[in-house]
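**Student:** One structure follows; several queries about it will come next.
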Amino acid sequence: MNSVSTTLLVIGGGPGGYVAAIRAGQLGIPTILVEAEHLGGTCLNIGCIPSKALIHAAEEFEKARHYADNSPLGIAVSGVKIDVARTVEWKDGIVRRLTGGVGALLRKHGVQVIKGWARIVDGKTVEVTEPGAAEGSMRIRCEHLLLATGSQAVELPFMPFGGAVISSTEALSPETLPQRLVVVGAGYIGLELGIAYRKLGAQVSVVEAMDRILPAYDEELVKPVAASLKRLGIEVHLNTSVLGMTEAGDAVRVRGAAGGYESQLEADRVLVAVGRKPRTKGYGLESLLLDMNGRAVRIDNQCRTSMRNVWAIGDITGEPMLAHRAMAQGEMVAEIIAGKRRHFAPSAIPAVCYTDPEVVVVGLTPQEAERNGLECVTANFPFAANGRAMTIESTDGFVRVVARKDNHLIVGWQAVGRGVSELSAAFSQSIELGAQLEDVAGTIHAHPTLGEAVQEAALRALGHALHI
């Protein structure tokens, strides 16, 4: 067995793992990264990036079809069709460019990348089985072990993945489009992909056990998305449980909470999107006997686990399962190992839902502020009063600010509308920098932009909005 030693060993080449390795390389820390599949992890390969590519393609196709039917812009298009195989090829090209770039950055900073399956022996030893080699073909000794193994889709025990039942992974690389798609779960993954498939031409039904879509978001933010689903012709079945597939495998059996009736939803394909869970099985993690937080690895504010010099970042540590959180944690861990004083204590972590329209949440919502005992002032500014929103034919939604009543310190931003994901940086910066309502209200915002709604929300919270 080939044996090597290093200062830092990273298991997992997703956003958290590769960022940690790059930063460690920049800081002169000898680093080895082990990845079983492709650099970039779920996010770059089968998550964030390919899903946004598919969503964009679906939006452009729907827009072209919209222009084929007497568009008020005076545009006429005929003969609109989509070649799904070519769309997937384009999406895969973006993924290859990004993952190739990650590999180049790791090489540039002297990180050794080993492709293979890792198995933890102890807190300082990992065995790696390389492709085509005998089991445990390499042993790596390390001073610091960083767990960055990510998460995986939750599978329903009575409806396992396979055949017509797919996860988001298969949904992002369709060989053909289904005529009838049933989406199980009305969270952000289910709705993002369900909307994309509807825009591509499939008949889509969404089944949700809770009493509304996007149950993790507050009701006011969800209303424009619910209206969009209705406008797109997506059937939504709330307070409804999934029982499994029919014996013929051509429909989903469901039961509504009211009256306990059972019915069937015809389906060529079923997307199960009921959440993700930390990837803790299959590589010997249990041998470390780490303290756990449910299914997640418990960490402190420096991403240390209960074992000395064993670190964990990203989805394996639980919610929020966001790539940008993992990246920030990975950078921090590398700097701590290099001797810098760091703690992971962000004032806010932005979360974006790429539905139609998009939803952004940064910091505290009004409900969360109230639960935290904060007396706050809240104000919305609607995109219906924003000139830029009118010119891009998207006046649904609003920007909302939440600030302390006593000193006007901003503690939260929320927005729903077309393109509001791009406002998330401004939202996060204002909270991290400790901005008050007066700071945002007094900052000159470019006209005409969607960002003016940010300024107007702050002005409205102060009692003197200009355009409403």
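Numbering starts fresh at 1 for the residues of each chain in the structure tokens, the chains themselves are lettered A, B, ... in the order given, and ligands are numbered from 1 as they appear.
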Taking the chain letters and numbering used in this document, name the residues of segment 2-181 of chain A that DSSP puts in strand (DSSP E), as an MDAnalysis selection string.

**Tutor:** chainID A and resid 2:11 31:35 112:115 117:122 125:129 138:147 151:153 165:166 180:181

**Student:** Among segment 10-258 of chain A, which ones does DSSP place in alpha helix (DSSP H), written as a VMD selection string?

**Tutor:** chain A and resid 15 to 26 41 to 46 48 to 67 84 to 108 168 to 171 188 to 199 219 to 232

**Student:** Write out as JSON lines a residue-level contact list of segment 138-161 of chain A versus segment 229-252 of chain A with cut-off 12 Å: for each qualifying residue the closest pair of atoms and the distance in Å to one decimal, counting only C-alpha atoms, rows sorted by chain and residue number upward.

**Tutor:**
{"residue": "A:Leu156", "atom": "CA", "partner": "A:Gly244", "partner_atom": "CA", "distance": 9.0}
{"residue": "A:Pro157", "atom": "CA", "partner": "A:Gly244", "partner_atom": "CA", "distance": 9.4}
{"residue": "A:Phe158", "atom": "CA", "partner": "A:Gly244", "partner_atom": "CA", "distance": 6.0}
{"residue": "A:Met159", "atom": "CA", "partner": "A:Gly244", "partner_atom": "CA", "distance": 5.7}
{"residue": "A:Pro160", "atom": "CA", "partner": "A:Gly244", "partner_atom": "CA", "distance": 9.5}
{"residue": "A:Phe161", "atom": "CA", "partner": "A:Met245", "partner_atom": "CA", "distance": 11.7}

**Student:** Env of segment 406-410 of chain A: 10 Å cut, atoms = only C-alpha atoms, seq-sep filter 4 positions within chain, self excluded. Answer as a VMD selection string.

**Tutor:** chain A and resid 363 to 364 374 to 378 401 to 402 427 430 to 440 458 461 to 462

**Student:** Quick one: which segment 309-364 of chain A residues come within 12 Å of segment 36-47 of chain A, and what is the nearest atom pair for each with the distance in Å to one decimal, counting only C-alpha atoms, rows ordered by chain and ascending number, as a tab-separated table?

**Tutor:**
residue	atom	partner	partner_atom	distance
A:Gly314	CA	A:Gly41	CA	11.3
A:Asp315	CA	A:Thr42	CA	10.4
A:Met321	CA	A:Cys43	CA	10.7
A:Leu322	CA	A:Cys43	CA	9.0
A:Ala323	CA	A:Cys43	CA	6.8
A:His324	CA	A:Cys43	CA	10.1
A:Ala326	CA	A:Cys43	CA	10.8
A:Met327	CA	A:Gly40	CA	11.3

**Student:** Considering only C-alpha atoms, return as a ChimeraX atom specification whatever protein or nucleic-acid residues lie within 12 Å of Gln26 of chain A, sequence-local ones (same chain, fewer than 4 positions apart) excluded.

**Tutor:** /A:19-22,30-31,105-111,331,334-335,338

**Student:** Would you mind exporting N, CA and C atoms of the selected residues as a PDB file, in the first residue's frame?

**Tutor:**
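Result file follows (again.pdb):
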ATOM      1  N   VAL A  19     -12.557  25.073  -1.850  1.00  0.00           N
ATOM      2  CA  VAL A  19     -12.165  26.407  -1.379  1.00  0.00           C
ATOM      3  C   VAL A  19     -11.190  26.295  -0.212  1.00  0.00           C
ATOM      4  N   ALA A  20     -11.455  25.379   0.717  1.00  0.00           N
ATOM      5  CA  ALA A  20     -10.534  25.160   1.833  1.00  0.00           C
ATOM      6  C   ALA A  20      -9.161  24.753   1.322  1.00  0.00           C
ATOM      7  N   ALA A  21      -9.130  23.861   0.337  1.00  0.00           N
ATOM      8  CA  ALA A  21      -7.854  23.391  -0.200  1.00  0.00           C
ATOM      9  C   ALA A  21      -7.109  24.501  -0.927  1.00  0.00           C
ATOM     10  N   ILE A  22      -7.822  25.303  -1.727  1.00  0.00           N
ATOM     11  CA  ILE A  22      -7.179  26.413  -2.435  1.00  0.00           C
ATOM     12  C   ILE A  22      -6.591  27.412  -1.457  1.00  0.00           C
ATOM     13  N   PRO A  30       0.760  22.212   3.182  1.00  0.00           N
ATOM     14  CA  PRO A  30       0.705  21.011   2.337  1.00  0.00           C
ATOM     15  C   PRO A  30      -0.678  20.374   2.427  1.00  0.00           C
ATOM     16  N   THR A  31      -1.333  20.209   1.285  1.00  0.00           N
ATOM     17  CA  THR A  31      -2.733  19.800   1.276  1.00  0.00           C
ATOM     18  C   THR A  31      -2.996  18.722   0.229  1.00  0.00           C
ATOM     19  N   LEU A 105      -7.196  25.731 -10.595  1.00  0.00           N
ATOM     20  CA  LEU A 105      -6.877  26.533  -9.408  1.00  0.00           C
ATOM     21  C   LEU A 105      -6.191  25.683  -8.334  1.00  0.00           C
ATOM     22  N   LEU A 106      -6.665  24.455  -8.161  1.00  0.00           N
ATOM     23  CA  LEU A 106      -6.033  23.575  -7.174  1.00  0.00           C
ATOM     24  C   LEU A 106      -4.585  23.279  -7.573  1.00  0.00           C
ATOM     25  N   ARG A 107      -4.351  23.001  -8.855  1.00  0.00           N
ATOM     26  CA  ARG A 107      -2.969  22.760  -9.318  1.00  0.00           C
ATOM     27  C   ARG A 107      -2.110  23.997  -9.141  1.00  0.00           C
ATOM     28  N   LYS A 108      -2.673  25.154  -9.468  1.00  0.00           N
ATOM     29  CA  LYS A 108      -1.931  26.414  -9.351  1.00  0.00           C
ATOM     30  C   LYS A 108      -1.413  26.632  -7.946  1.00  0.00           C
ATOM     31  N   HIS A 109      -2.190  26.223  -6.950  1.00  0.00           N
ATOM     32  CA  HIS A 109      -1.808  26.467  -5.552  1.00  0.00           C
ATOM     33  C   HIS A 109      -1.196  25.242  -4.878  1.00  0.00           C
ATOM     34  N   GLY A 110      -0.789  24.279  -5.682  1.00  0.00           N
ATOM     35  CA  GLY A 110      -0.006  23.167  -5.157  1.00  0.00           C
ATOM     36  C   GLY A 110      -0.774  22.116  -4.395  1.00  0.00           C
ATOM     37  N   VAL A 111      -2.100  22.058  -4.589  1.00  0.00           N
ATOM     38  CA  VAL A 111      -2.910  21.051  -3.908  1.00  0.00           C
ATOM     39  C   VAL A 111      -2.862  19.748  -4.704  1.00  0.00           C
ATOM     40  N   GLU A 331     -12.767  28.461   3.793  1.00  0.00           N
ATOM     41  CA  GLU A 331     -11.721  29.489   3.819  1.00  0.00           C
ATOM     42  C   GLU A 331     -11.265  29.738   5.256  1.00  0.00           C
ATOM     43  N   ALA A 334      -9.025  26.860   6.767  1.00  0.00           N
ATOM     44  CA  ALA A 334      -7.655  26.925   6.256  1.00  0.00           C
ATOM     45  C   ALA A 334      -6.854  28.010   6.974  1.00  0.00           C
ATOM     46  N   GLU A 335      -7.473  29.138   7.219  1.00  0.00           N
ATOM     47  CA  GLU A 335      -6.760  30.245   7.881  1.00  0.00           C
ATOM     48  C   GLU A 335      -6.485  29.935   9.344  1.00  0.00           C
ATOM     49  N   ALA A 338      -3.577  27.759   9.525  1.00  0.00           N
ATOM     50  CA  ALA A 338      -2.366  28.536   9.243  1.00  0.00           C
ATOM     51  C   ALA A 338      -1.975  29.450  10.394  1.00  0.00           C
TER      52      ALA A 338
END

**Student:** Kindly give the distance, in Å, that separates atom CA of Val362 of chain A and atom CA of Ser424 of chain A, rounded to a single decimal.

**Tutor:**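 One can read the atom CA of Val362 of chain A to atom CA of Ser424 of chain A distance as 7.3 Å.
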
**Student:** Set the distance at 8 Å and use only C-alpha atoms: which residues neighbour segment 77-91 of chain A once local chain neighbours fewer than 5 positions away are removed? I'd like the list as an mmCIF file with C-alpha atoms, in the first residue's frame.

**Tutor:**
data_model
loop_
_atom_site.group_PDB
_atom_site.id
_atom_site.type_symbol
_atom_site.label_atom_id
_atom_site.label_comp_id
_atom_site.auth_asym_id
_atom_site.auth_seq_id
_atom_site.Cartn_x
_atom_site.Cartn_y
_atom_site.Cartn_z
ATOM 1 C CA PRO A 50 -26.877 23.006 -13.813
ATOM 2 C CA ALA A 53 -28.741 26.689 -16.548
ATOM 3 C CA LEU A 54 -31.860 24.575 -17.092
ATOM 4 C CA ALA A 57 -33.141 27.647 -20.932
ATOM 5 C CA PHE A 61 -38.094 28.943 -24.427
ATOM 6 C CA ALA A 64 -40.068 32.752 -27.308
ATOM 7 C CA ARG A 65 -43.429 30.990 -27.137
ATOM 8 C CA TYR A 67 -43.707 36.242 -28.363
ATOM 9 C CA ALA A 68 -45.420 33.882 -30.796
ATOM 10 C CA LEU A 172 -31.226 18.010 -14.573
ATOM 11 C CA SER A 173 -30.132 15.703 -17.413
ATOM 12 C CA PRO A 174 -33.313 14.507 -19.109
ATOM 13 C CA GLU A 175 -32.965 12.474 -22.290
ATOM 14 C CA THR A 176 -36.545 13.349 -23.120
ATOM 15 C CA LEU A 177 -39.211 15.572 -21.600
ATOM 16 C CA LEU A 200 -40.387 23.423 -21.283
#

**Student:** Got a sec: who's within 9 Å of Gly123 of chain A, counting only C-alpha atoms, leaving out chain neighbours fewer than 3 positions off, as a list in words?

**Tutor:**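 So, after excluding close chain neighbours, the residues are Ile120, Val126, Cys142, Glu143, His144, Leu145, Ser287, Leu288, Met307, Arg308, Asn309 and Val310 of chain A.
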
**Student:** Create the file for the chosen residues now, containing N, CA and C atoms and written as a short mmCIF file (atom, residue, chain, number, x, y, z; two decimals), in the first residue's frame.

**Tutor:**
data_model
loop_
_atom_site.label_atom_id
_atom_site.label_comp_id
_atom_site.auth_asym_id
_atom_site.auth_seq_id
_atom_site.Cartn_x
_atom_site.Cartn_y
_atom_site.Cartn_z
N ILE A 120 -12.21 6.40 6.36
CA ILE A 120 -11.52 6.89 7.54
C ILE A 120 -11.11 5.72 8.43
N VAL A 126 -6.42 7.99 6.65
CA VAL A 126 -7.48 7.69 5.70
C VAL A 126 -6.93 6.77 4.62
N CYS A 142 -2.32 12.43 8.12
CA CYS A 142 -2.47 13.89 8.13
C CYS A 142 -2.45 14.43 9.55
N GLU A 143 -2.12 15.72 9.67
CA GLU A 143 -2.21 16.40 10.96
C GLU A 143 -3.63 16.92 11.18
N HIS A 144 -4.27 17.36 10.10
CA HIS A 144 -5.62 17.90 10.18
C HIS A 144 -6.49 17.20 9.14
N LEU A 145 -7.68 16.77 9.57
CA LEU A 145 -8.63 16.10 8.68
C LEU A 145 -9.87 16.97 8.55
N SER A 287 -16.39 5.62 12.81
CA SER A 287 -15.22 5.18 13.58
C SER A 287 -14.66 6.30 14.45
N LEU A 288 -14.97 7.54 14.11
CA LEU A 288 -14.45 8.67 14.89
C LEU A 288 -15.27 8.96 16.13
N MET A 307 -13.49 15.95 18.02
CA MET A 307 -12.16 15.34 18.01
C MET A 307 -11.12 16.37 17.59
N ARG A 308 -10.04 16.44 18.31
CA ARG A 308 -9.00 17.44 18.05
C ARG A 308 -8.46 17.31 16.62
N ASN A 309 -8.38 18.44 15.93
CA ASN A 309 -7.85 18.55 14.57
C ASN A 309 -8.67 17.81 13.51
N VAL A 310 -9.92 17.49 13.86
CA VAL A 310 -10.87 17.00 12.86
C VAL A 310 -11.93 18.09 12.70
#

**Student:** How many Å separate atom CA of Tyr197 of chain A from atom CA of Pro178 of chain A?

**Tutor:** 8.6 Å

**Student:** What's around Arg198 of chain A at 9 Å? Count only C-alpha atoms, leave out sequence neighbours fewer than 2 positions away in its own chain, and write the answer as a PDB file with N, CA and C atoms, in the first residue's frame.

**Tutor:**
ATOM      1  N   ALA A  58     -35.286  27.149 -19.901  1.00  0.00           N
ATOM      2  CA  ALA A  58     -36.745  27.068 -19.848  1.00  0.00           C
ATOM      3  C   ALA A  58     -37.379  28.442 -19.960  1.00  0.00           C
ATOM      4  N   LEU A 181     -45.400  15.335 -15.381  1.00  0.00           N
ATOM      5  CA  LEU A 181     -44.433  15.253 -14.277  1.00  0.00           C
ATOM      6  C   LEU A 181     -45.152  15.529 -12.964  1.00  0.00           C
ATOM      7  N   LEU A 193     -37.477  23.226 -10.192  1.00  0.00           N
ATOM      8  CA  LEU A 193     -37.462  22.286 -11.308  1.00  0.00           C
ATOM      9  C   LEU A 193     -38.859  22.080 -11.894  1.00  0.00           C
ATOM     10  N   GLY A 194     -39.880  22.087 -11.043  1.00  0.00           N
ATOM     11  CA  GLY A 194     -41.238  21.947 -11.546  1.00  0.00           C
ATOM     12  C   GLY A 194     -41.613  23.085 -12.483  1.00  0.00           C
ATOM     13  N   ILE A 195     -41.254  24.315 -12.116  1.00  0.00           N
ATOM     14  CA  ILE A 195     -41.530  25.471 -12.970  1.00  0.00           C
ATOM     15  C   ILE A 195     -40.752  25.373 -14.274  1.00  0.00           C
ATOM     16  N   ALA A 196     -39.480  24.956 -14.192  1.00  0.00           N
ATOM     17  CA  ALA A 196     -38.667  24.818 -15.404  1.00  0.00           C
ATOM     18  C   ALA A 196     -39.284  23.803 -16.357  1.00  0.00           C
ATOM     19  N   LEU A 200     -40.884  24.222 -20.157  1.00  0.00           N
ATOM     20  CA  LEU A 200     -40.387  23.423 -21.283  1.00  0.00           C
ATOM     21  C   LEU A 200     -41.500  22.651 -21.979  1.00  0.00           C
ATOM     22  N   GLY A 201     -42.702  22.665 -21.381  1.00  0.00           N
ATOM     23  CA  GLY A 201     -43.845  22.070 -22.055  1.00  0.00           C
ATOM     24  C   GLY A 201     -44.521  20.917 -21.345  1.00  0.00           C
ATOM     25  N   ALA A 202     -43.985  20.460 -20.218  1.00  0.00           N
ATOM     26  CA  ALA A 202     -44.598  19.330 -19.511  1.00  0.00           C
ATOM     27  C   ALA A 202     -45.807  19.795 -18.700  1.00  0.00           C
ATOM     28  N   GLN A 203     -46.767  18.876 -18.504  1.00  0.00           N
ATOM     29  CA  GLN A 203     -47.845  19.116 -17.553  1.00  0.00           C
ATOM     30  C   GLN A 203     -47.307  18.769 -16.164  1.00  0.00           C
ATOM     31  N   VAL A 204     -47.407  19.676 -15.231  1.00  0.00           N
ATOM     32  CA  VAL A 204     -46.756  19.506 -13.928  1.00  0.00           C
ATOM     33  C   VAL A 204     -47.783  19.578 -12.804  1.00  0.00           C
ATOM     34  N   LEU A 232     -49.090  29.727 -14.720  1.00  0.00           N
ATOM     35  CA  LEU A 232     -48.380  28.778 -15.580  1.00  0.00           C
ATOM     36  C   LEU A 232     -49.166  27.493 -15.811  1.00  0.00           C
ATOM     37  N   GLY A 233     -50.209  27.282 -15.024  1.00  0.00           N
ATOM     38  CA  GLY A 233     -51.012  26.076 -15.175  1.00  0.00           C
ATOM     39  C   GLY A 233     -50.461  24.878 -14.437  1.00  0.00           C
ATOM     40  N   ILE A 234     -49.715  25.112 -13.373  1.00  0.00           N
ATOM     41  CA  ILE A 234     -49.192  24.028 -12.541  1.00  0.00           C
ATOM     42  C   ILE A 234     -50.219  23.693 -11.467  1.00  0.00           C
TER      43      ILE A 234
END

**Student:** Per residue of segment 306-412 of chain A within 8 Å of segment 216-223 of chain A, record the nearest atom pair and its distance in Å to one decimal, counting only C-alpha atoms, with rows in chain order and ascending residue number, as CSV.

**Tutor:**
residue,atom,partner,partner_atom,distance
A:Val359,CA,A:Leu221,CA,7.2
A:Thr365,CA,A:Asp218,CA,7.9
A:Gly397,CA,A:Leu221,CA,7.9

**Student:** One number please: atom CA of Thr149 of chain A to atom CA of Leu191 of chain A, in Å, one decimal.

**Tutor:**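 If I compute the distance from atom CA of Thr149 of chain A to atom CA of Leu191 of chain A, I get 25.6 Å.
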